[in-house]
Amino acid sequence: MTRQDFGPDFVWGTATAAYQIEGAWDADGKEESIWDRFAHTPGKILTGETGDVACDFYRRYAEDLELMSELGFNATRFSLSWPRVFPGNKPNPAGVDYYKSVIDEAFAQGVEPWVTLYHWDLPQRLEDRGGWTHRDTVKRFEEYVDFCTRTFKDVRRWMIFNEPTSFVVLGYALGLHAPGRNAIPRWSNFFSKKGLMDFLAASHHVVLAQASGGRIAKANLPDADIGSTWYFSDVQPMRPQDAAAAARFDAVINRLYFDPAMGKGYPFDAFPALKRIETFFKPGDETAVVANFDFVGMQNYSRDVVKRSWFQPLVWGTLVEPKKRGVQETTEMGWEVYPEGIYRILKRLSGYEAVKKIYVTENGAAFADKVEADGRVHDPKRIAFLQAYIEQVLRAKNEGVPVEGYFVWSFMDNFEWHEGFRPRFGLVYVDYPTQKRTVKDSGLWMQKFLFS
């Protein structure tokens with residue numbers, strides 16, 4: 001397998017997110033985000049750390065983009081911080097100038113900027129009013145999207161959201177991510193009525209904002225490529241009798257935020273309990289959720305094997321941990337290494353009539369990396385992971401799947417949300433006390449691959 005096998009126009013990039021790398025959490029007019037509040041709340045981050053400084057990308061972006069270019073990547077996917085760009089529903093000149101400088105530097109380095117408008121850092125002031133459970137947040141998001149796409153006109157590749165499944169399910173149902181709403185009462189494994197309805201309200205409003213944000217971006221930038229990104233897992237039943245549980249799990253993880261955008265509606269067929277989301281419909285919503293995106297951003301790390309259970313939220317089904325299935329090869333996150341899963345998802349997505357082209361906008365693995373005595377970071381497991389998954393992407397492409405790019409998660413080690421700084425996903429090792437960057441062997445492998 002060589003780079004040439006993918007064709008001359010295939011996009012090769014890395015991905016990052018504002019809160020995970022920027023730092024400067026309260027600098028130059030930025031307002032508080034839900035992740036600022038969440039990380040500063042004792043007990044929310046497993047390691048007790050925050051993203052206050054993170055990788056200091058806010059000040060080191062030029063050297064990081066130069067390194068990205070040296071490694072051979074021709075695209076960088078990063079997010080704008082809503083609280084930095086548009087605090088208090090008005091533009092922040094310092095935040096705007098910062099991102100203009102990042103965009104200009106990326107172009108100067110020959111690395112095209114691919115911008116994500118929302119990578120989970122909702123302004124805390126909006127969460128205080130209800131966050132995504134409140135329909136007004138859709139309107140506030142539309143104003144933010146309109147401003148950004150009118151302001152940063154040089155950017156030609158835009159993504160509306162990063163993984164709605166993750167920030168809604170983990171943030172509004174399970175309480176593991178900001179804003180930390182746990183819809184499951186301590187006395188029960190079932191959703192409380194209010195928790196369930198808040199989760200469904202947030203889900204519907206996010207789906208609405210996903211589509212309306214796309215329409216606004218396209219109206220402002222008719223020649224740009226507008227898409228969004230979703231997390232997809234290859235969901236499989238543990239046994240034949242677990243098929244219905246797996247279908248319910250698949251409905252929430254893979255279909256709840258994707259199918260409506262593709263014009264297929266909510267997945268009530270697999271999970272009738274979700275029909276309660278219609279409580280939050282207003283006239284016209286059935287068509288307003290449809291997004292005519294130019295591309296789909298597909299994100300995958302592993303697969304989920306599910307068995308039935310009557311003691312899970314909404315009776316989704318129970319995940320069977322890889323170790324309990326006899327799986328030996330897992331990442332630092334405990335996720336199974338399952339390269340064929342990315343192929344299976346790409347094939348599945350290509351079956352949607354509304355899918356025009358696909359980019360793998362995140363794929364990668366965390367391992368227990370360290371700088372060795374020779375000054376290098378030897379990470380053979382990540383090299384094997386990347387090679388295996390990229391081969392499966394090529395397999396899908398060769399079979400006619402319209403996949404046109406691949407972004408590694410992540411360019412460098414960063415703040416891994418509620419896990420803190422312990423998991424290291426990067427191609428570049430970050431020594432957080434000194435902020436020294438060290439390209440790992442996997443980064444050098446990618447460099448050799450990209451220049452081959």
# chains A, B, ... in the order shown; residues from 1 in each chain; ligands from 1
call {"tool": "select_by_dssp", "arguments": {"residues": "region 254-313 of chain A", "states": "strand (DSSP E or B)", "output": "JSON, numbers by chain"}}
result
{"A": [295, 296, 297, 298, 299, 303, 304, 305, 306, 307]}
call {"tool": "residues_around", "arguments": {"residues": "Leu256 (chain A)", "least_positions_apart": "2", "cutoff": "9 Å", "atoms": "only C-alpha atoms", "output": "list in words"}}
result
Thr165, Ser203, Val207, Asp250, Ala251, Val252, Ile253, Asn254, Phe258, Asp259, Pro260, Gly265, Tyr266, Pro267 and Leu274 of chain A
call {"tool": "closest_atom_pairs", "arguments": {"of": "region 13-82 of chain A", "to": "region 409-431 of chain A", "cutoff": "6 Å", "atoms": "only C-alpha atoms", "output": "CSV"}}
result
residue,atom,partner,partner_atom,distance
A:Thr14,CA,A:Phe411,CA,5.2
A:Ala15,CA,A:Ser410,CA,5.2
A:Thr16,CA,A:Ser410,CA,6.0
A:Gln20,CA,A:Phe415,CA,4.7
A:Ile21,CA,A:Asn414,CA,5.7
A:Ile45,CA,A:His418,CA,4.5
A:Leu46,CA,A:Glu419,CA,5.4
A:Thr47,CA,A:Gly420,CA,5.5
A:Glu49,CA,A:Gly420,CA,5.7
call {"tool": "atom_distance", "arguments": {"atom1": "CA of Ala217 (chain A)", "atom2": "CA of Val145 (chain A)"}}
result
6.8 Å
call {"tool": "atom_distance", "arguments": {"atom1": "CA of Val155 (chain A)", "atom2": "CA of Arg135 (chain A)"}}
result
28.7 Å
call {"tool": "residues_around", "arguments": {"residues": "Arg382 (chain A)", "least_positions_apart": "6", "cutoff": "10 Å", "atoms": "only C-alpha atoms", "output": "PDB file with N, CA and C atoms, in the first residue's frame"}}
result
ATOM      1  N   THR A 331      -6.745  -0.854  22.838  1.00  0.00           N
ATOM      2  CA  THR A 331      -5.973   0.373  23.014  1.00  0.00           C
ATOM      3  C   THR A 331      -5.958   0.776  24.481  1.00  0.00           C
ATOM      4  N   GLY A 364      -7.928   6.850  14.975  1.00  0.00           N
ATOM      5  CA  GLY A 364      -6.643   6.803  15.657  1.00  0.00           C
ATOM      6  C   GLY A 364      -6.734   5.949  16.908  1.00  0.00           C
ATOM      7  N   ALA A 365      -5.668   5.951  17.683  1.00  0.00           N
ATOM      8  CA  ALA A 365      -5.608   5.087  18.860  1.00  0.00           C
ATOM      9  C   ALA A 365      -4.721   5.689  19.933  1.00  0.00           C
ATOM     10  N   ALA A 366      -5.074   5.441  21.186  1.00  0.00           N
ATOM     11  CA  ALA A 366      -4.265   5.872  22.331  1.00  0.00           C
ATOM     12  C   ALA A 366      -3.482   4.689  22.868  1.00  0.00           C
ATOM     13  N   PHE A 367      -2.220   4.929  23.133  1.00  0.00           N
ATOM     14  CA  PHE A 367      -1.365   3.923  23.772  1.00  0.00           C
ATOM     15  C   PHE A 367      -0.516   4.599  24.839  1.00  0.00           C
ATOM     16  N   ASP A 369       2.340   5.850  25.638  1.00  0.00           N
ATOM     17  CA  ASP A 369       3.591   6.322  25.040  1.00  0.00           C
ATOM     18  C   ASP A 369       4.484   7.001  26.075  1.00  0.00           C
ATOM     19  N   ALA A 388      -3.288  -0.825   9.371  1.00  0.00           N
ATOM     20  CA  ALA A 388      -4.413  -1.748   9.195  1.00  0.00           C
ATOM     21  C   ALA A 388      -5.699  -1.010   8.835  1.00  0.00           C
ATOM     22  N   PHE A 425      -3.183  10.145  22.122  1.00  0.00           N
ATOM     23  CA  PHE A 425      -3.616   9.775  20.774  1.00  0.00           C
ATOM     24  C   PHE A 425      -2.703  10.331  19.684  1.00  0.00           C
ATOM     25  N   GLY A 426      -1.757  11.178  20.034  1.00  0.00           N
ATOM     26  CA  GLY A 426      -1.064  11.957  19.032  1.00  0.00           C
ATOM     27  C   GLY A 426      -0.012  11.232  18.213  1.00  0.00           C
ATOM     28  N   LEU A 427       0.244  11.792  17.024  1.00  0.00           N
ATOM     29  CA  LEU A 427       1.424  11.431  16.251  1.00  0.00           C
ATOM     30  C   LEU A 427       2.644  12.155  16.800  1.00  0.00           C
ATOM     31  N   LYS A 440       6.553  11.127  17.226  1.00  0.00           N
ATOM     32  CA  LYS A 440       6.630   9.701  17.546  1.00  0.00           C
ATOM     33  C   LYS A 440       7.009   8.909  16.299  1.00  0.00           C
ATOM     34  N   ASP A 441       7.372   7.660  16.507  1.00  0.00           N
ATOM     35  CA  ASP A 441       7.677   6.802  15.361  1.00  0.00           C
ATOM     36  C   ASP A 441       6.491   6.717  14.403  1.00  0.00           C
ATOM     37  N   SER A 442       5.279   6.779  14.942  1.00  0.00           N
ATOM     38  CA  SER A 442       4.094   6.731  14.076  1.00  0.00           C
ATOM     39  C   SER A 442       4.012   7.972  13.196  1.00  0.00           C
ATOM     40  N   GLY A 443       4.404   9.122  13.742  1.00  0.00           N
ATOM     41  CA  GLY A 443       4.443  10.333  12.936  1.00  0.00           C
ATOM     42  C   GLY A 443       5.475  10.228  11.830  1.00  0.00           C
ATOM     43  N   TRP A 445       6.435   7.390  10.532  1.00  0.00           N
ATOM     44  CA  TRP A 445       5.888   6.410   9.583  1.00  0.00           C
ATOM     45  C   TRP A 445       4.923   7.088   8.616  1.00  0.00           C
TER      46      TRP A 445
END
call {"tool": "select_by_dssp", "arguments": {"residues": "region 74-196 of chain A", "states": "helix (DSSP H, G or I)", "output": "NGL selection string"}}
result
:A and (82-85 or 87-89 or 93-108 or 124-127 or 131-133 or 136-151 or 164-173 or 193-196)
call {"tool": "residues_around", "arguments": {"residues": "region 118-126 of chain A", "least_positions_apart": "3", "cutoff": "6 Å", "atoms": "only C-alpha atoms", "output": "PyMOL selection string"}}
result
chain A and resi 32-35+83+129+131+161-162
call {"tool": "write_last_selection", "arguments": {"atoms": "N, CA and C atoms", "output": "PDB file, in the first residue's frame"}}
result
ATOM      1  N   GLU A  32     -16.610  31.904  29.344  1.00  0.00           N
ATOM      2  CA  GLU A  32     -16.586  30.558  29.896  1.00  0.00           C
ATOM      3  C   GLU A  32     -17.404  29.605  29.032  1.00  0.00           C
ATOM      4  N   SER A  33     -16.867  28.422  28.811  1.00  0.00           N
ATOM      5  CA  SER A  33     -17.588  27.372  28.098  1.00  0.00           C
ATOM      6  C   SER A  33     -18.051  26.317  29.092  1.00  0.00           C
ATOM      7  N   ILE A  34     -18.897  25.400  28.599  1.00  0.00           N
ATOM      8  CA  ILE A  34     -19.342  24.320  29.475  1.00  0.00           C
ATOM      9  C   ILE A  34     -18.168  23.423  29.867  1.00  0.00           C
ATOM     10  N   TRP A  35     -17.150  23.328  29.004  1.00  0.00           N
ATOM     11  CA  TRP A  35     -15.994  22.510  29.372  1.00  0.00           C
ATOM     12  C   TRP A  35     -15.092  23.216  30.378  1.00  0.00           C
ATOM     13  N   PRO A  83     -17.114  30.248  22.320  1.00  0.00           N
ATOM     14  CA  PRO A  83     -16.955  31.292  23.346  1.00  0.00           C
ATOM     15  C   PRO A  83     -15.802  32.255  23.075  1.00  0.00           C
ATOM     16  N   ARG A 129     -29.215  28.633  30.523  1.00  0.00           N
ATOM     17  CA  ARG A 129     -30.601  28.856  30.072  1.00  0.00           C
ATOM     18  C   ARG A 129     -31.253  27.574  29.559  1.00  0.00           C
ATOM     19  N   GLY A 131     -29.245  25.149  27.633  1.00  0.00           N
ATOM     20  CA  GLY A 131     -28.350  24.482  26.689  1.00  0.00           C
ATOM     21  C   GLY A 131     -29.108  23.926  25.499  1.00  0.00           C
ATOM     22  N   PHE A 161     -20.947  20.109  12.974  1.00  0.00           N
ATOM     23  CA  PHE A 161     -20.781  19.534  14.306  1.00  0.00           C
ATOM     24  C   PHE A 161     -19.675  18.483  14.305  1.00  0.00           C
ATOM     25  N   ASN A 162     -19.162  18.235  15.480  1.00  0.00           N
ATOM     26  CA  ASN A 162     -18.351  17.051  15.712  1.00  0.00           C
ATOM     27  C   ASN A 162     -19.142  16.085  16.582  1.00  0.00           C
TER      28      ASN A 162
END
call {"tool": "residues_around", "arguments": {"residues": "region 394-397 of chain A", "least_positions_apart": "5", "cutoff": "9 Å", "atoms": "only C-alpha atoms", "output": "PyMOL selection string"}}
result
chain A and resi 1+5-6+342-344+346-347+389+402-404
call {"tool": "write_last_selection", "arguments": {"atoms": "C-alpha atoms", "output": "PDB file, in the first residue's frame"}}
result
ATOM      1  CA  MET A   1       0.000   0.000   0.000  1.00  0.00           C
ATOM      2  CA  ASP A   5      -2.887   3.896  -4.431  1.00  0.00           C
ATOM      3  CA  PHE A   6      -5.419   6.463  -3.174  1.00  0.00           C
ATOM      4  CA  ILE A 342     -14.149   1.000   9.339  1.00  0.00           C
ATOM      5  CA  TYR A 343     -14.600  -0.848   6.045  1.00  0.00           C
ATOM      6  CA  ARG A 344     -18.024  -2.119   7.071  1.00  0.00           C
ATOM      7  CA  LEU A 346     -17.881   2.957   4.857  1.00  0.00           C
ATOM      8  CA  LYS A 347     -19.772   0.361   2.840  1.00  0.00           C
ATOM      9  CA  TYR A 389      -7.195   0.842   9.242  1.00  0.00           C
ATOM     10  CA  PRO A 402     -16.758   7.530  -2.478  1.00  0.00           C
ATOM     11  CA  VAL A 403     -14.192   8.045   0.295  1.00  0.00           C
ATOM     12  CA  GLU A 404     -11.915  10.969  -0.541  1.00  0.00           C
TER      13      GLU A 404
END
call {"tool": "atom_distance", "arguments": {"atom1": "CA of His134 (chain A)", "atom2": "CA of Asp146 (chain A)"}}
result
19.7 Å
call {"tool": "decode", "arguments": {"residues": "region 156-203 of chain A", "atoms": "N, CA and C atoms", "output": "compact mmCIF listing (two decimals), in the first residue's frame"}}
result
# COMPACT_ATOMS: atom_id res chain seq x y z
N ARG A 156 -12.71 26.86 2.74
CA ARG A 156 -13.59 26.22 1.76
C ARG A 156 -14.15 24.88 2.23
N ARG A 157 -13.74 24.41 3.38
CA ARG A 157 -14.22 23.12 3.91
C ARG A 157 -14.73 23.34 5.33
N TRP A 158 -16.00 23.09 5.53
CA TRP A 158 -16.64 23.35 6.82
C TRP A 158 -17.39 22.12 7.31
N MET A 159 -17.32 21.90 8.62
CA MET A 159 -18.10 20.88 9.28
C MET A 159 -18.95 21.54 10.37
N ILE A 160 -20.22 21.24 10.40
CA ILE A 160 -21.13 21.90 11.34
C ILE A 160 -20.88 21.42 12.77
N PHE A 161 -20.95 20.11 12.97
CA PHE A 161 -20.78 19.53 14.31
C PHE A 161 -19.67 18.48 14.31
N ASN A 162 -19.16 18.23 15.48
CA ASN A 162 -18.35 17.05 15.71
C ASN A 162 -19.14 16.08 16.58
N GLU A 163 -19.48 14.94 16.02
CA GLU A 163 -20.07 13.82 16.76
C GLU A 163 -21.23 14.19 17.69
N PRO A 164 -22.40 14.51 17.15
CA PRO A 164 -23.55 14.76 18.02
C PRO A 164 -23.82 13.62 19.01
N THR A 165 -23.62 12.39 18.58
CA THR A 165 -23.83 11.26 19.50
C THR A 165 -23.04 11.45 20.77
N SER A 166 -21.78 11.85 20.63
CA SER A 166 -20.91 11.96 21.80
C SER A 166 -21.33 13.09 22.72
N PHE A 167 -21.54 14.29 22.17
CA PHE A 167 -21.79 15.40 23.10
C PHE A 167 -23.21 15.40 23.65
N VAL A 168 -24.16 14.74 22.96
CA VAL A 168 -25.51 14.67 23.52
C VAL A 168 -25.64 13.47 24.47
N VAL A 169 -25.26 12.29 24.02
CA VAL A 169 -25.41 11.10 24.88
C VAL A 169 -24.52 11.21 26.12
N LEU A 170 -23.25 11.57 25.93
CA LEU A 170 -22.34 11.64 27.08
C LEU A 170 -22.60 12.87 27.94
N GLY A 171 -23.10 13.95 27.34
CA GLY A 171 -23.31 15.18 28.08
C GLY A 171 -24.68 15.35 28.68
N TYR A 172 -25.72 14.80 28.02
CA TYR A 172 -27.10 15.03 28.46
C TYR A 172 -27.81 13.76 28.93
N ALA A 173 -27.15 12.61 28.79
CA ALA A 173 -27.78 11.37 29.25
C ALA A 173 -26.94 10.68 30.33
N LEU A 174 -25.65 10.53 30.06
CA LEU A 174 -24.80 9.77 30.97
C LEU A 174 -23.99 10.64 31.92
N GLY A 175 -23.90 11.92 31.66
CA GLY A 175 -23.22 12.84 32.57
C GLY A 175 -21.71 12.75 32.60
N LEU A 176 -21.12 12.03 31.64
CA LEU A 176 -19.67 11.85 31.64
C LEU A 176 -18.93 13.03 31.02
N HIS A 177 -19.60 13.77 30.17
CA HIS A 177 -19.02 14.94 29.52
C HIS A 177 -19.84 16.18 29.88
N ALA A 178 -19.27 17.33 29.60
CA ALA A 178 -19.99 18.58 29.84
C ALA A 178 -21.27 18.60 28.99
N PRO A 179 -22.36 19.11 29.53
CA PRO A 179 -22.48 19.83 30.81
C PRO A 179 -22.67 18.92 32.03
N GLY A 180 -22.58 17.63 31.85
CA GLY A 180 -22.63 16.71 32.99
C GLY A 180 -24.01 16.39 33.49
N ARG A 181 -24.99 16.39 32.60
CA ARG A 181 -26.35 16.03 33.02
C ARG A 181 -26.51 14.52 33.00
N ASN A 182 -26.79 13.97 34.15
CA ASN A 182 -26.97 12.53 34.27
C ASN A 182 -28.45 12.23 34.38
N ALA A 183 -28.99 11.64 33.34
CA ALA A 183 -30.43 11.38 33.28
C ALA A 183 -30.83 10.10 34.00
N ILE A 184 -29.85 9.43 34.59
CA ILE A 184 -30.13 8.15 35.25
C ILE A 184 -30.12 8.34 36.76
N PRO A 185 -31.27 8.24 37.43
CA PRO A 185 -31.31 8.40 38.88
C PRO A 185 -30.43 7.37 39.59
N ARG A 186 -29.90 7.73 40.72
CA ARG A 186 -29.02 6.81 41.45
C ARG A 186 -29.75 5.54 41.90
N TRP A 187 -31.05 5.66 42.08
CA TRP A 187 -31.79 4.50 42.57
C TRP A 187 -32.23 3.56 41.48
N SER A 188 -31.92 3.90 40.24
CA SER A 188 -32.42 3.08 39.14
C SER A 188 -31.47 3.14 37.97
N ASN A 189 -31.47 2.11 37.15
CA ASN A 189 -30.69 2.11 35.92
C ASN A 189 -31.50 2.63 34.74
N PHE A 190 -32.73 2.99 35.00
CA PHE A 190 -33.57 3.52 33.93
C PHE A 190 -33.55 5.05 33.95
N PHE A 191 -33.80 5.66 32.80
CA PHE A 191 -33.89 7.10 32.72
C PHE A 191 -35.04 7.61 33.59
N SER A 192 -34.79 8.75 34.28
CA SER A 192 -35.90 9.45 34.89
C SER A 192 -36.73 10.06 33.76
N LYS A 193 -37.98 10.37 34.05
CA LYS A 193 -38.84 10.94 33.01
C LYS A 193 -38.27 12.27 32.52
N LYS A 194 -37.89 13.14 33.46
CA LYS A 194 -37.34 14.43 33.07
C LYS A 194 -36.01 14.25 32.33
N GLY A 195 -35.16 13.34 32.84
CA GLY A 195 -33.88 13.11 32.18
C GLY A 195 -34.04 12.62 30.76
N LEU A 196 -34.98 11.70 30.57
CA LEU A 196 -35.25 11.18 29.24
C LEU A 196 -35.73 12.29 28.31
N MET A 197 -36.66 13.11 28.79
CA MET A 197 -37.21 14.14 27.93
C MET A 197 -36.18 15.22 27.63
N ASP A 198 -35.31 15.53 28.59
CA ASP A 198 -34.23 16.49 28.33
C ASP A 198 -33.27 15.95 27.27
N PHE A 199 -32.98 14.68 27.37
CA PHE A 199 -32.10 14.04 26.38
C PHE A 199 -32.72 14.09 24.99
N LEU A 200 -34.00 13.78 24.90
CA LEU A 200 -34.67 13.80 23.60
C LEU A 200 -34.81 15.22 23.06
N ALA A 201 -35.06 16.17 23.95
CA ALA A 201 -35.14 17.57 23.52
C ALA A 201 -33.79 18.02 22.96
N ALA A 202 -32.73 17.73 23.68
CA ALA A 202 -31.39 18.10 23.21
C ALA A 202 -31.10 17.43 21.88
N SER A 203 -31.49 16.17 21.74
CA SER A 203 -31.24 15.45 20.50
C SER A 203 -31.93 16.12 19.32
